[in-house]
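protein_16.txt (compact mmCIF, C-alpha atoms)
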```
# COMPACT_ATOMS: atom_id res chain seq x y z
CA MET A 1 -19.12 -13.69 -17.26
CA SER A 2 -19.69 -12.17 -20.66
CA GLN A 3 -19.14 -8.66 -19.34
CA GLY A 4 -15.83 -7.13 -20.20
CA ARG A 5 -14.93 -9.79 -22.72
CA SER A 6 -14.20 -7.07 -25.23
CA ALA A 7 -12.29 -5.02 -22.67
CA ASP A 8 -10.18 -8.14 -22.16
CA ARG A 9 -8.74 -7.80 -25.60
CA LEU A 10 -8.43 -4.04 -25.66
CA VAL A 11 -4.86 -4.00 -24.47
CA LEU A 12 -3.62 -5.97 -27.40
CA VAL A 13 -5.35 -4.42 -30.36
CA HIS A 14 -2.41 -2.15 -31.08
CA ASP A 15 -0.21 -5.12 -31.55
CA ALA A 16 2.86 -4.32 -33.60
CA ASP A 17 5.81 -6.58 -34.10
CA ARG A 18 8.10 -3.72 -34.93
CA PRO A 19 10.50 -3.47 -31.97
CA LEU A 20 10.30 -0.38 -29.78
CA SER A 21 12.56 2.52 -30.63
CA ALA A 22 15.23 3.57 -28.17
CA THR A 23 12.99 6.37 -26.89
CA GLU A 24 10.05 4.02 -26.52
CA SER A 25 12.22 1.47 -24.71
CA GLU A 26 13.39 4.16 -22.36
CA ARG A 27 9.80 5.17 -21.71
CA PHE A 28 8.82 1.56 -21.07
CA ARG A 29 11.74 1.22 -18.72
CA SER A 30 10.74 4.22 -16.64
CA LEU A 31 6.94 3.69 -16.74
CA VAL A 32 6.37 -0.05 -16.72
CA LEU A 33 9.49 -1.77 -15.41
CA PRO A 34 9.16 -0.26 -11.90
CA HIS A 35 5.98 -2.33 -11.53
CA LEU A 36 7.77 -5.65 -12.02
CA ASP A 37 7.38 -6.60 -8.35
CA ALA A 38 3.70 -5.67 -8.47
CA ALA A 39 3.24 -7.85 -11.55
CA TYR A 40 5.06 -10.77 -9.97
CA THR A 41 3.12 -10.48 -6.71
CA PHE A 42 -0.16 -10.48 -8.62
CA ALA A 43 1.04 -13.45 -10.70
CA ARG A 44 1.96 -15.33 -7.52
CA TYR A 45 -1.52 -14.95 -6.12
CA LEU A 46 -3.18 -15.83 -9.41
CA THR A 47 -1.11 -18.97 -10.01
CA ARG A 48 -0.20 -19.87 -6.40
CA ASP A 49 3.00 -21.31 -7.75
CA PRO A 50 6.46 -19.65 -7.97
CA ALA A 51 7.53 -21.16 -11.29
CA ALA A 52 4.17 -20.55 -12.95
CA ALA A 53 4.25 -16.98 -11.64
CA GLU A 54 7.63 -16.38 -13.28
CA ASP A 55 6.34 -17.69 -16.60
CA LEU A 56 3.21 -15.63 -16.32
CA THR A 57 5.12 -12.45 -15.47
CA GLN A 58 7.46 -12.93 -18.37
CA ASP A 59 4.56 -13.65 -20.72
CA ALA A 60 2.87 -10.47 -19.49
CA PHE A 61 5.97 -8.37 -20.14
CA VAL A 62 6.26 -9.78 -23.66
CA ARG A 63 2.66 -8.70 -24.25
CA ALA A 64 3.21 -5.34 -22.57
CA LEU A 65 6.21 -4.61 -24.79
CA ARG A 66 4.26 -5.56 -27.89
CA GLY A 67 1.25 -3.53 -26.84
CA PHE A 68 3.15 -0.57 -25.46
CA ARG A 69 2.37 1.65 -28.44
CA GLY A 70 -1.30 1.25 -27.63
CA TYR A 71 -0.81 2.30 -24.03
CA ALA A 72 -2.77 5.52 -23.84
CA GLY A 73 -1.41 6.86 -20.58
CA GLY A 74 -3.08 6.50 -17.22
CA GLU A 75 -1.83 4.41 -14.35
CA ALA A 76 0.85 2.12 -15.80
CA LYS A 77 0.57 -0.31 -12.90
CA ALA A 78 -3.12 -0.96 -13.52
CA TRP A 79 -2.38 -1.32 -17.23
CA LEU A 80 0.32 -3.90 -16.57
CA LEU A 81 -1.74 -5.84 -14.03
CA ALA A 82 -4.63 -6.07 -16.51
CA ILE A 83 -2.19 -7.66 -18.95
CA VAL A 84 -1.01 -10.11 -16.29
CA ARG A 85 -4.58 -11.13 -15.67
CA ASN A 86 -5.41 -11.48 -19.36
CA ALA A 87 -2.31 -13.59 -19.91
CA PHE A 88 -3.33 -15.79 -17.00
CA ARG A 89 -6.82 -16.32 -18.39
CA ASP A 90 -5.39 -17.18 -21.78
CA GLN A 91 -3.04 -19.71 -20.20
CA LEU A 92 -5.95 -21.28 -18.35
CA ARG A 93 -8.02 -21.41 -21.49
CA ALA A 94 -5.17 -23.02 -23.44
CA ARG A 95 -4.58 -25.59 -20.74
CA ARG A 96 -8.27 -26.38 -20.58
CA GLU A 97 -8.40 -26.96 -24.32
CA ASP A 98 -5.33 -29.18 -24.06
CA THR A 99 -6.41 -31.40 -21.23
CA GLY A 100 -10.11 -30.82 -20.79
CA GLU A 101 -9.41 -29.90 -17.18
CA PRO A 102 -11.81 -27.48 -15.59
CA PRO A 103 -10.28 -24.06 -15.00
CA GLU A 104 -8.96 -23.30 -11.58
CA MET A 105 -9.91 -19.65 -11.92
CA ALA A 106 -13.46 -19.84 -10.63
CA ASP A 107 -13.41 -22.00 -7.53
CA PRO A 108 -16.72 -23.71 -6.88
CA ASP A 109 -18.51 -20.90 -5.19
CA ASP A 110 -18.54 -22.12 -1.65
CA PRO A 111 -16.29 -19.63 0.12
CA GLU A 112 -17.57 -20.76 3.48
CA ALA A 113 -15.98 -24.14 2.90
CA ILE A 114 -12.68 -22.38 2.84
CA LEU A 115 -13.31 -21.05 6.32
CA MET A 116 -13.60 -24.57 7.59
CA ARG A 117 -10.04 -25.34 6.54
CA LYS A 118 -8.60 -23.09 9.12
CA HIS A 119 -4.85 -22.91 9.14
CA SER A 120 -3.97 -20.32 11.68
CA ALA A 121 -0.35 -21.45 11.67
CA LEU A 122 0.10 -20.52 8.02
CA GLY A 123 1.78 -17.27 7.12
CA ILE A 124 -0.20 -14.44 5.63
CA ARG A 125 0.88 -15.40 2.10
CA ALA A 126 -0.43 -18.95 2.36
CA THR A 127 -3.58 -17.76 4.08
CA LEU A 128 -4.26 -15.27 1.32
CA GLU A 129 -3.69 -17.98 -1.25
CA GLN A 130 -6.55 -19.92 0.31
CA LEU A 131 -9.15 -17.33 -0.57
CA PRO A 132 -11.18 -18.42 -3.59
CA GLU A 133 -11.31 -16.31 -6.74
CA PRO A 134 -12.50 -13.73 -7.56
CA PHE A 135 -12.16 -12.60 -3.95
CA ARG A 136 -8.43 -13.26 -3.78
CA GLU A 137 -7.53 -11.16 -6.79
CA THR A 138 -9.76 -8.31 -5.68
CA LEU A 139 -8.19 -8.19 -2.24
CA VAL A 140 -4.65 -8.45 -3.64
CA LEU A 141 -5.28 -5.62 -6.09
CA ARG A 142 -6.66 -3.42 -3.33
CA GLU A 143 -4.41 -4.17 -0.35
CA LEU A 144 -1.10 -5.15 -1.92
CA GLU A 145 -1.18 -3.31 -5.22
CA GLU A 146 -3.06 -0.33 -3.79
CA LEU A 147 -5.29 0.14 -6.81
CA SER A 148 -8.41 2.28 -6.54
CA TYR A 149 -11.87 0.73 -6.92
CA LYS A 150 -12.05 2.15 -10.41
CA GLU A 151 -8.74 0.62 -11.40
CA ILE A 152 -9.69 -2.76 -9.93
CA ALA A 153 -12.93 -2.63 -11.90
CA ALA A 154 -10.92 -1.99 -15.08
CA VAL A 155 -8.35 -4.70 -14.37
CA THR A 156 -10.87 -7.38 -13.46
CA ALA A 157 -13.47 -6.29 -16.03
CA ALA A 158 -16.15 -6.10 -13.37
CA PRO A 159 -18.62 -3.35 -12.43
CA LEU A 160 -17.71 -1.10 -9.52
CA GLY A 161 -20.48 -2.48 -7.31
CA THR A 162 -19.21 -6.00 -7.87
CA VAL A 163 -15.69 -4.93 -6.93
CA MET A 164 -16.97 -3.46 -3.68
CA SER A 165 -19.00 -6.50 -2.70
CA ARG A 166 -16.13 -8.86 -3.57
CA LEU A 167 -13.77 -6.78 -1.50
CA ALA A 168 -16.12 -6.81 1.48
CA ARG A 169 -16.56 -10.56 1.13
CA ALA A 170 -12.82 -11.13 0.79
CA ARG A 171 -12.06 -9.13 3.92
CA GLU A 172 -14.76 -11.02 5.77
CA MET A 173 -13.22 -14.34 4.79
CA LEU A 174 -9.68 -13.28 5.57
CA ALA A 175 -10.73 -11.84 8.92
CA ALA A 176 -12.26 -15.18 9.82
CA LEU A 177 -8.99 -16.89 8.96
CA ILE A 178 -6.57 -14.61 10.72
CA LEU A 179 -8.30 -12.70 13.49
CA PRO A 180 -8.89 -14.13 16.95
CA ALA A 181 -12.27 -15.82 17.23
CA GLY A 182 -13.61 -13.11 19.53
CA GLN A 183 -13.56 -10.52 16.80
CA VAL A 184 -16.55 -11.66 14.82
CA GLY A 185 -18.07 -9.49 12.13
CA MET A 186 -21.47 -7.91 11.99
CA GLU A 187 -22.73 -10.54 9.60
CA VAL A 188 -21.54 -13.51 11.54
CA ARG A 189 -22.89 -12.29 14.83
CA SER A 190 -26.47 -11.58 13.78
CA MET B 1 -28.40 8.62 14.49
CA SER B 2 -28.04 7.74 10.83
CA ALA B 3 -28.37 4.13 9.71
CA CYS B 4 -25.41 1.76 9.48
CA ASP B 5 -23.88 1.71 6.01
CA ARG B 6 -21.58 -1.26 5.86
CA PRO B 7 -20.17 -0.87 2.35
CA ALA B 8 -19.32 2.72 3.23
CA LEU B 9 -17.04 1.47 6.02
CA HIS B 10 -14.89 -0.26 3.41
CA ALA B 11 -14.97 2.78 1.16
CA LEU B 12 -13.93 4.93 4.11
CA LEU B 13 -11.00 2.65 4.87
CA ASP B 14 -10.01 2.66 1.20
CA GLY B 15 -10.10 6.42 0.88
CA GLU B 16 -12.85 6.21 -1.72
CA LEU B 17 -15.28 8.64 -0.05
CA ASP B 18 -15.43 12.36 -0.61
CA ALA B 19 -14.78 14.51 2.45
CA ALA B 20 -18.44 15.17 3.30
CA HIS B 21 -19.42 11.53 3.04
CA ALA B 22 -16.35 10.41 4.99
CA LEU B 23 -17.21 12.83 7.79
CA ALA B 24 -20.79 11.54 7.93
CA ILE B 25 -19.61 7.93 8.24
CA GLU B 26 -16.99 8.79 10.85
CA THR B 27 -19.57 10.70 12.86
CA HIS B 28 -21.93 7.75 12.69
CA ALA B 29 -19.21 5.26 13.68
CA ALA B 30 -18.29 7.41 16.67
CA SER B 31 -21.69 6.72 18.21
CA CYS B 32 -22.33 3.22 16.80
CA PRO B 33 -20.35 0.49 18.59
CA ALA B 34 -21.08 -2.08 15.89
CA CYS B 35 -19.69 0.09 13.09
CA ALA B 36 -16.73 1.16 15.22
CA ALA B 37 -15.90 -2.50 15.93
CA GLU B 38 -16.25 -3.36 12.26
CA LEU B 39 -13.88 -0.53 11.32
CA ARG B 40 -11.32 -1.80 13.82
CA ARG B 41 -11.66 -5.28 12.39
CA LEU B 42 -11.16 -4.10 8.82
CA ALA B 43 -8.13 -2.13 9.93
CA ALA B 44 -6.74 -5.25 11.63
CA VAL B 45 -7.08 -7.23 8.39
CA ARG B 46 -5.26 -4.51 6.50
CA GLU B 47 -2.58 -4.35 9.16
CA ALA B 48 -2.00 -8.10 8.90
CA LEU B 49 -1.66 -7.88 5.13
CA ARG B 50 0.65 -4.91 5.11
CA THR B 51 2.97 -5.90 7.90
CA GLY B 52 3.02 -9.60 7.08
CA ASP B 53 5.23 -9.36 4.03
CA ALA B 54 2.47 -10.61 1.77
CA ARG B 55 4.10 -9.18 -1.31
CA HIS B 56 6.53 -11.18 -3.41
CA PRO B 57 9.57 -9.45 -4.86
CA ALA B 58 10.41 -10.67 -8.35
CA PRO B 59 13.30 -13.16 -8.41
CA PRO B 60 16.55 -11.56 -9.69
CA ALA B 61 16.82 -13.98 -12.63
CA LEU B 62 13.36 -12.98 -13.82
CA ALA B 63 14.21 -9.30 -13.46
CA GLN B 64 17.32 -9.85 -15.56
CA ARG B 65 15.44 -11.73 -18.30
CA ILE B 66 12.87 -8.97 -18.53
CA GLU B 67 15.55 -6.26 -18.50
CA ALA B 68 17.23 -8.01 -21.41
CA MET B 69 13.93 -8.30 -23.24
CA ILE B 70 13.21 -4.59 -23.20
CA ALA B 71 16.11 -3.65 -25.42
CA PRO B 72 18.24 -6.64 -26.41
CA ALA B 73 20.33 -4.66 -28.89
CA ARG B 74 20.79 -1.79 -26.53
CA ALA B 75 24.18 -0.13 -26.39
CA PRO B 76 25.95 -0.11 -23.03
CA ARG B 77 24.48 2.57 -20.82
CA ARG B 78 25.95 5.97 -20.23
CA VAL B 79 28.72 5.83 -22.77
CA TRP B 80 30.77 8.97 -22.61
CA PRO B 81 29.86 10.89 -25.72
CA ALA B 82 33.38 12.13 -26.29
CA GLY B 83 34.88 8.72 -25.70
CA LEU B 84 37.40 7.56 -23.21
CA LEU B 85 39.63 10.57 -23.62
CA GLY B 86 36.78 12.81 -22.50
CA ALA B 87 36.07 10.53 -19.58
CA ALA B 88 39.66 10.58 -18.49
CA LEU B 89 39.73 14.32 -18.81
CA ALA B 90 36.54 14.68 -16.79
CA ALA B 91 37.90 12.36 -14.13
CA SER B 92 41.09 14.30 -13.78
CA LEU B 93 39.14 17.56 -13.68
CA MET B 94 37.09 16.10 -10.85
CA LEU B 95 40.23 15.44 -8.91
CA VAL B 96 41.28 19.03 -9.41
CA ILE B 97 38.00 20.77 -8.77
CA GLY B 98 36.71 18.49 -6.07
CA LEU B 99 33.01 17.76 -6.44
CA PRO B 100 31.58 19.14 -9.61
CA ILE B 101 27.90 18.99 -10.40
CA LEU B 102 28.41 16.12 -12.83
CA ASP B 103 29.65 13.94 -10.00
CA GLU B 104 26.70 14.90 -7.83
CA ALA B 105 24.22 13.86 -10.50
CA ARG B 106 26.05 10.58 -10.97
CA PHE B 107 26.10 9.95 -7.24
CA GLU B 108 22.40 10.72 -7.04
CA ASN B 109 21.79 8.13 -9.77
CA GLU B 110 23.90 5.62 -7.90
CA LEU B 111 21.79 6.14 -4.79
CA VAL B 112 18.58 5.51 -6.69
CA ALA B 113 20.15 2.51 -8.42
CA GLY B 114 21.16 1.16 -5.00
CA HIS B 115 17.59 1.55 -3.81
CA VAL B 116 16.11 -0.17 -6.87
CA ARG B 117 18.68 -2.96 -6.68
CA SER B 118 17.80 -3.62 -3.06
CA LEU B 119 14.18 -4.20 -4.07
CA LEU B 120 14.89 -6.24 -7.20
CA ALA B 121 17.49 -8.57 -5.80
CA ALA B 122 15.49 -9.85 -2.82
CA HIS B 123 18.39 -8.57 -0.76
CA LEU B 124 16.69 -5.85 1.17
CA THR B 125 18.22 -6.58 4.53
CA ASP B 126 21.29 -8.41 5.84
CA VAL B 127 20.03 -8.02 9.35
CA ALA B 128 16.25 -7.99 9.61
CA SER B 129 15.13 -6.40 12.81
CA SER B 130 12.93 -3.59 14.01
CA ASP B 131 15.12 -3.23 17.09
CA LYS B 132 17.71 -0.48 16.92
CA HIS B 133 19.77 -2.35 19.54
CA THR B 134 20.15 -5.16 17.02
CA VAL B 135 20.63 -3.12 13.87
CA LYS B 136 23.13 -0.55 15.10
CA PRO B 137 25.69 -2.99 16.59
CA TRP B 138 25.42 -5.21 13.53
CA PHE B 139 27.39 -2.61 11.57
CA ASN B 140 30.26 -2.75 14.08
CA GLY B 141 33.46 -3.88 12.41
CA LYS B 142 31.82 -3.82 8.99
CA VAL B 143 32.19 -0.10 8.44
CA ASP B 144 34.55 2.34 10.17
CA PHE B 145 31.81 4.40 11.74
CA SER B 146 28.59 3.68 13.57
CA PRO B 147 25.42 4.82 11.80
CA PRO B 148 22.50 5.71 14.08
CA ALA B 149 19.42 3.54 13.61
CA PRO B 150 16.55 5.29 15.37
CA ASP B 151 13.27 3.47 15.72
CA LEU B 152 10.59 5.56 14.03
CA ALA B 153 7.66 3.16 14.33
CA GLN B 154 5.76 5.71 16.39
CA GLN B 155 6.06 8.18 13.54
CA GLY B 156 4.82 5.60 11.00
CA PHE B 157 8.23 4.56 9.69
CA PRO B 158 9.08 1.19 11.31
CA LEU B 159 12.69 0.09 11.07
CA ALA B 160 12.97 -3.09 8.98
CA GLY B 161 16.67 -3.78 9.24
CA GLY B 162 20.08 -2.95 7.82
CA ARG B 163 22.24 -3.92 4.89
CA LEU B 164 25.68 -3.32 3.44
CA ASP B 165 25.71 -1.80 -0.02
CA TYR B 166 28.45 -0.71 -2.34
CA LEU B 167 28.10 2.84 -3.60
CA ALA B 168 30.53 5.04 -5.49
CA GLY B 169 33.44 2.79 -4.63
CA LYS B 170 32.71 2.47 -0.92
CA VAL B 171 31.05 -0.07 1.32
CA THR B 172 28.01 1.84 2.51
CA PRO B 173 25.63 0.91 5.32
CA ALA B 174 21.97 1.17 4.43
CA LEU B 175 19.15 1.38 6.95
CA VAL B 176 15.82 0.07 5.77
CA TYR B 177 12.57 1.62 6.90
CA ARG B 178 9.03 0.95 5.80
CA ARG B 179 6.21 3.32 5.08
CA ARG B 180 3.09 1.21 4.68
CA LEU B 181 3.99 -0.92 1.64
CA HIS B 182 6.90 1.25 0.58
CA VAL B 183 10.55 0.90 1.41
CA ILE B 184 12.85 3.73 2.37
CA ASN B 185 16.57 3.09 2.08
CA VAL B 186 18.82 5.38 4.08
CA PHE B 187 22.43 5.27 2.89
CA VAL B 188 24.94 6.63 5.36
CA ARG B 189 28.41 7.93 4.48
CA ASN B 190 31.24 9.17 6.58
CA GLY B 191 31.98 12.70 5.45
CA GLY B 192 30.01 13.07 2.26
CA ALA B 193 29.35 14.80 -0.99
CA GLY B 194 27.75 17.97 0.30
CA LEU B 195 24.45 17.07 -1.30
CA ALA B 196 21.61 18.43 0.84
CA GLY B 197 17.92 19.01 0.31
CA LEU B 198 14.93 17.25 -1.16
CA PHE B 199 15.28 16.07 -4.74
CA PRO B 200 12.12 14.92 -6.45
CA ARG B 201 13.08 13.02 -9.58
CA GLY B 202 11.17 12.41 -12.77
CA ASP B 203 11.37 8.63 -12.42
CA GLY B 204 9.05 8.24 -9.44
CA TYR B 205 11.78 8.16 -6.81
CA ASN B 206 12.54 10.89 -4.34
CA LEU B 207 15.80 11.59 -2.61
CA ALA B 208 16.37 13.47 0.62
CA ALA B 209 19.91 14.30 1.68
CA TRP B 210 21.16 15.84 4.89
CA ARG B 211 24.17 15.95 7.18
CA GLU B 212 24.32 15.28 10.89
CA GLY B 213 27.26 14.81 13.21
CA GLY B 214 29.90 14.41 10.49
CA LEU B 215 27.81 11.85 8.60
CA SER B 216 25.84 12.27 5.39
CA PHE B 217 22.42 10.67 5.06
CA TYR B 218 20.66 9.90 1.80
CA ALA B 219 17.09 8.63 1.98
CA VAL B 220 15.72 7.16 -1.24
CA SER B 221 12.18 5.92 -1.78
CA ASP B 222 9.17 5.91 -4.02
CA VAL B 223 7.02 7.43 -1.26
CA ALA B 224 5.63 10.90 -1.96
CA ALA B 225 8.06 13.78 -1.55
CA GLY B 226 6.03 15.06 1.40
CA ASP B 227 6.30 11.71 3.18
CA LEU B 228 10.03 11.61 2.60
CA ALA B 229 10.45 15.14 3.97
CA GLN B 230 8.48 14.03 7.03
CA PHE B 231 10.73 10.99 7.37
CA GLN B 232 13.83 13.19 7.22
CA ALA B 233 12.41 15.49 9.90
CA ASP B 234 11.55 12.54 12.16
CA PHE B 235 14.92 10.89 11.60
CA GLN B 236 16.79 14.09 12.37
CA ALA B 237 14.69 14.77 15.45
CA ALA B 238 15.51 11.27 16.71
CA THR B 239 19.25 11.52 16.10
CA LYS B 240 19.87 15.05 17.33
```
Mind turning the file's structure into structure tokens?
Amino acid sequence: MSQGRSADRLVLVHDADRPLSATESERFRSLVLPHLDAAYTFARYLTRDPAAAEDLTQDAFVRALRGFRGYAGGEAKAWLLAIVRNAFRDQLRARREDTGEPPEMADPDDPEAILMRKHSALGIRATLEQLPEPFRETLVLRELEELSYKEIAAVTAAPLGTVMSRLARAREMLAALILPAGQVGMEVRS
Amino acid sequence: MSACDRPALHALLDGELDAAHALAIETHAASCPACAAELRRLAAVREALRTGDARHPAPPALAQRIEAMIAPARAPRRVWPAGLLGAALAASLMLVIGLPILDEARFENELVAGHVRSLLAAHLTDVASSDKHTVKPWFNGKVDFSPPAPDLAQQGFPLAGGRLDYLAGKVTPALVYRRRLHVINVFVRNGGAGLAGLFPRGDGYNLAAWREGGLSFYAVSDVAAGDLAQFQADFQAATK
């Protein structure tokens, strides 16, 4: 859990309240704005709530605009999604301090329990929302946002090996939820 | 036979292996029923995610709020530098000369704007269907010509539906195709601006334009230029 804590904050160290110049705004518009749908999709799967996802996306864009001068190039989508995730964690932390509620982020680690609640009638969106974190975010970043392993590792502040095992686990869980019972995996069968 | 390497199956599917390693895993899977089955299963999961509309387009109101945030004090876009007089002059020149390059660039921008708008406004399709026998007749009576709507699923470009758009002062039918997670809008015009060729743009969008049977076709997408060229070739082959 302590890993990547410093990377968490990296995006915001270049904070400057000076508004972006016209050229910078134009650059933001062409580099970052095209990833609005990607940011919103990621926010939807983090929050599992449409209104909360809108708030989170907007919060992330406020941060992205403020931190844009510190954006050092590289894949803008991964940069933006990392900000979405950081904003989400900050929101969780703030809410926890407010109410003393446990964070929703880390589901009690019993992914198998999720498999018991089988809702084959649900659409793919709802089914995906049932996966526990961190498996859900890893799968969303890979399959829907099409990030590379390296980018997912950067966004989620996790080592590459962890990304790969989470992804494998997430696919395993989703397969169990959506594929016909006959198609069992190697793990399940042995 | 080499040993089963399960994590490598995922890496293979995700395009994360170098060529030599990928070949080794593929060779192994060809003779290992368990790995072959696992690969099929992983592909089925991906298929379900990518065809099941798992992505959420941002709501239009959110898109507008964020647009406004980027440059609140921004001057109206594309103001004519020489003022209205210049604009009027340019417009009248256009009438005289026909289709100058300026107009072509503006039209090209309108096409891309139409594409982006279709994705932002959660208004991708008016008629959602992968069946050309549904999409093509839907345009009847809505526009004064009948755009072809070939099914290109076999070629990897499934038809997603059709939509009416408004481009350069005309109601314009748009056909919507998918390429994996990407959307390709094909705008169809009767007659047309004489724009033809593949136009890679600096903003991440590509445009392919061609003419066929008195109609002009403009395909706009964020897929790679090569993919779009392939799409054009497949579309033309299917409508010849």
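Between CA of Cys4 in chain B and CA of Ser148 in chain A the separation is 23.4 Å.
Residues in contact with Ala224 in chain B at up to 10 Å, not including ones fewer than 5 positions away on its chain and judged by all atoms listed in the file, are B:Pro200, B:Gly204, B:Tyr205, B:Asn206, B:Ala229, B:Gln230.
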Which residues of chain B come within 8 Å of chain A, and what is each one's closest atom pair and distance in Å (one decimal), counting all atoms listed in the file, sorted by chain and residue number, as JSON lines?
```
{"residue": "B:Pro7", "atom": "CA", "partner": "A:Ala168", "partner_atom": "CA", "distance": 7.2}
{"residue": "B:His10", "atom": "CA", "partner": "A:Ala168", "partner_atom": "CA", "distance": 6.9}
{"residue": "B:Asp14", "atom": "CA", "partner": "A:Ser148", "partner_atom": "CA", "distance": 7.9}
{"residue": "B:Glu16", "atom": "CA", "partner": "A:Tyr149", "partner_atom": "CA", "distance": 7.6}
{"residue": "B:Ala34", "atom": "CA", "partner": "A:Met186", "partner_atom": "CA", "distance": 7.0}
{"residue": "B:Glu38", "atom": "CA", "partner": "A:Gly185", "partner_atom": "CA", "distance": 6.4}
{"residue": "B:Arg41", "atom": "CA", "partner": "A:Gln183", "partner_atom": "CA", "distance": 7.1}
{"residue": "B:Leu42", "atom": "CA", "partner": "A:Arg171", "partner_atom": "CA", "distance": 7.1}
{"residue": "B:Ala44", "atom": "CA", "partner": "A:Leu179", "partner_atom": "CA", "distance": 7.8}
{"residue": "B:Val45", "atom": "CA", "partner": "A:Ala175", "partner_atom": "CA", "distance": 5.9}
{"residue": "B:Arg46", "atom": "CA", "partner": "A:Glu143", "partner_atom": "CA", "distance": 6.9}
{"residue": "B:Ala48", "atom": "CA", "partner": "A:Ile124", "partner_atom": "CA", "distance": 7.4}
{"residue": "B:Leu49", "atom": "CA", "partner": "A:Ile124", "partner_atom": "CA", "distance": 6.7}
{"residue": "B:Arg50", "atom": "CA", "partner": "A:Leu144", "partner_atom": "CA", "distance": 7.2}
{"residue": "B:Gly52", "atom": "CA", "partner": "A:Ile124", "partner_atom": "CA", "distance": 6.0}
{"residue": "B:Asp53", "atom": "CA", "partner": "A:Ile124", "partner_atom": "CA", "distance": 7.6}
{"residue": "B:Ala54", "atom": "CA", "partner": "A:Arg125", "partner_atom": "CA", "distance": 5.1}
{"residue": "B:Arg55", "atom": "CA", "partner": "A:Thr41", "partner_atom": "CA", "distance": 5.6}
{"residue": "B:His56", "atom": "CA", "partner": "A:Thr41", "partner_atom": "CA", "distance": 4.8}
{"residue": "B:Pro57", "atom": "CA", "partner": "A:Asp37", "partner_atom": "CA", "distance": 5.0}
{"residue": "B:Ala58", "atom": "CA", "partner": "A:Asp37", "partner_atom": "CA", "distance": 5.1}
{"residue": "B:Leu62", "atom": "CA", "partner": "A:Glu54", "partner_atom": "CA", "distance": 6.7}
{"residue": "B:Ala63", "atom": "CA", "partner": "A:Leu36", "partner_atom": "CA", "distance": 7.5}
{"residue": "B:Ile66", "atom": "CA", "partner": "A:Gln58", "partner_atom": "CA", "distance": 6.7}
{"residue": "B:Met69", "atom": "CA", "partner": "A:Val62", "partner_atom": "CA", "distance": 7.8}
{"residue": "B:Ile70", "atom": "CA", "partner": "A:Ser25", "partner_atom": "CA", "distance": 6.3}
{"residue": "B:Ala71", "atom": "CA", "partner": "A:Ser25", "partner_atom": "CA", "distance": 6.5}
{"residue": "B:Arg74", "atom": "CA", "partner": "A:Ala22", "partner_atom": "CA", "distance": 7.9}
{"residue": "B:Leu120", "atom": "CA", "partner": "A:Asp37", "partner_atom": "CA", "distance": 7.6}
{"residue": "B:Leu181", "atom": "CA", "partner": "A:Leu144", "partner_atom": "CA", "distance": 7.5}
{"residue": "B:Asp203", "atom": "CA", "partner": "A:Ser30", "partner_atom": "CA", "distance": 6.1}
```
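Interatomic distance, CA of Leu124 in chain B to CA of Arg65 in chain B: 20.4 Å.
Proximity to Thr172 in chain B was assessed for B:Val186, B:Ala238, B:Cys32, B:Ala61 counting all atoms listed in the file; the smallest distance is recorded for B:Val186.
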Set up a box along x, y and z of the file covering all listed atoms of range 11-23 of chain B, add 4 Å on every one of the six sides, and write the centre and edge lengths in Å to one decimal, as AutoDock Vina command-line options.
```
--center_x -14.7 --center_y 8.9 --center_z 3.0 --size_x 17.4 --size_y 20.5 --size_z 17.5
```
Please identify all polymer residues within 10 Å of Ala82 in chain A, counting all atoms listed in the file, omitting same-chain residues fewer than 2 positions from it, and present them as a compact mmCIF listing (two decimals) with C-alpha atoms, in the frame of the given file.
```
# COMPACT_ATOMS: atom_id res chain seq x y z
CA ALA A 7 -12.29 -5.02 -22.67
CA ASP A 8 -10.18 -8.14 -22.16
CA VAL A 11 -4.86 -4.00 -24.47
CA ALA A 39 3.24 -7.85 -11.55
CA ALA A 60 2.87 -10.47 -19.49
CA ALA A 64 3.21 -5.34 -22.57
CA ALA A 76 0.85 2.12 -15.80
CA LYS A 77 0.57 -0.31 -12.90
CA ALA A 78 -3.12 -0.96 -13.52
CA TRP A 79 -2.38 -1.32 -17.23
CA LEU A 80 0.32 -3.90 -16.57
CA VAL A 84 -1.01 -10.11 -16.29
CA ARG A 85 -4.58 -11.13 -15.67
CA ASN A 86 -5.41 -11.48 -19.36
CA ALA A 87 -2.31 -13.59 -19.91
CA PHE A 88 -3.33 -15.79 -17.00
CA GLU A 151 -8.74 0.62 -11.40
CA ILE A 152 -9.69 -2.76 -9.93
CA ALA A 154 -10.92 -1.99 -15.08
CA VAL A 155 -8.35 -4.70 -14.37
CA THR A 156 -10.87 -7.38 -13.46
CA ALA A 157 -13.47 -6.29 -16.03
```
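A straight line drawn from CA of Asn109 in chain B to CA of Arg27 in chain A is 17.2 Å long.
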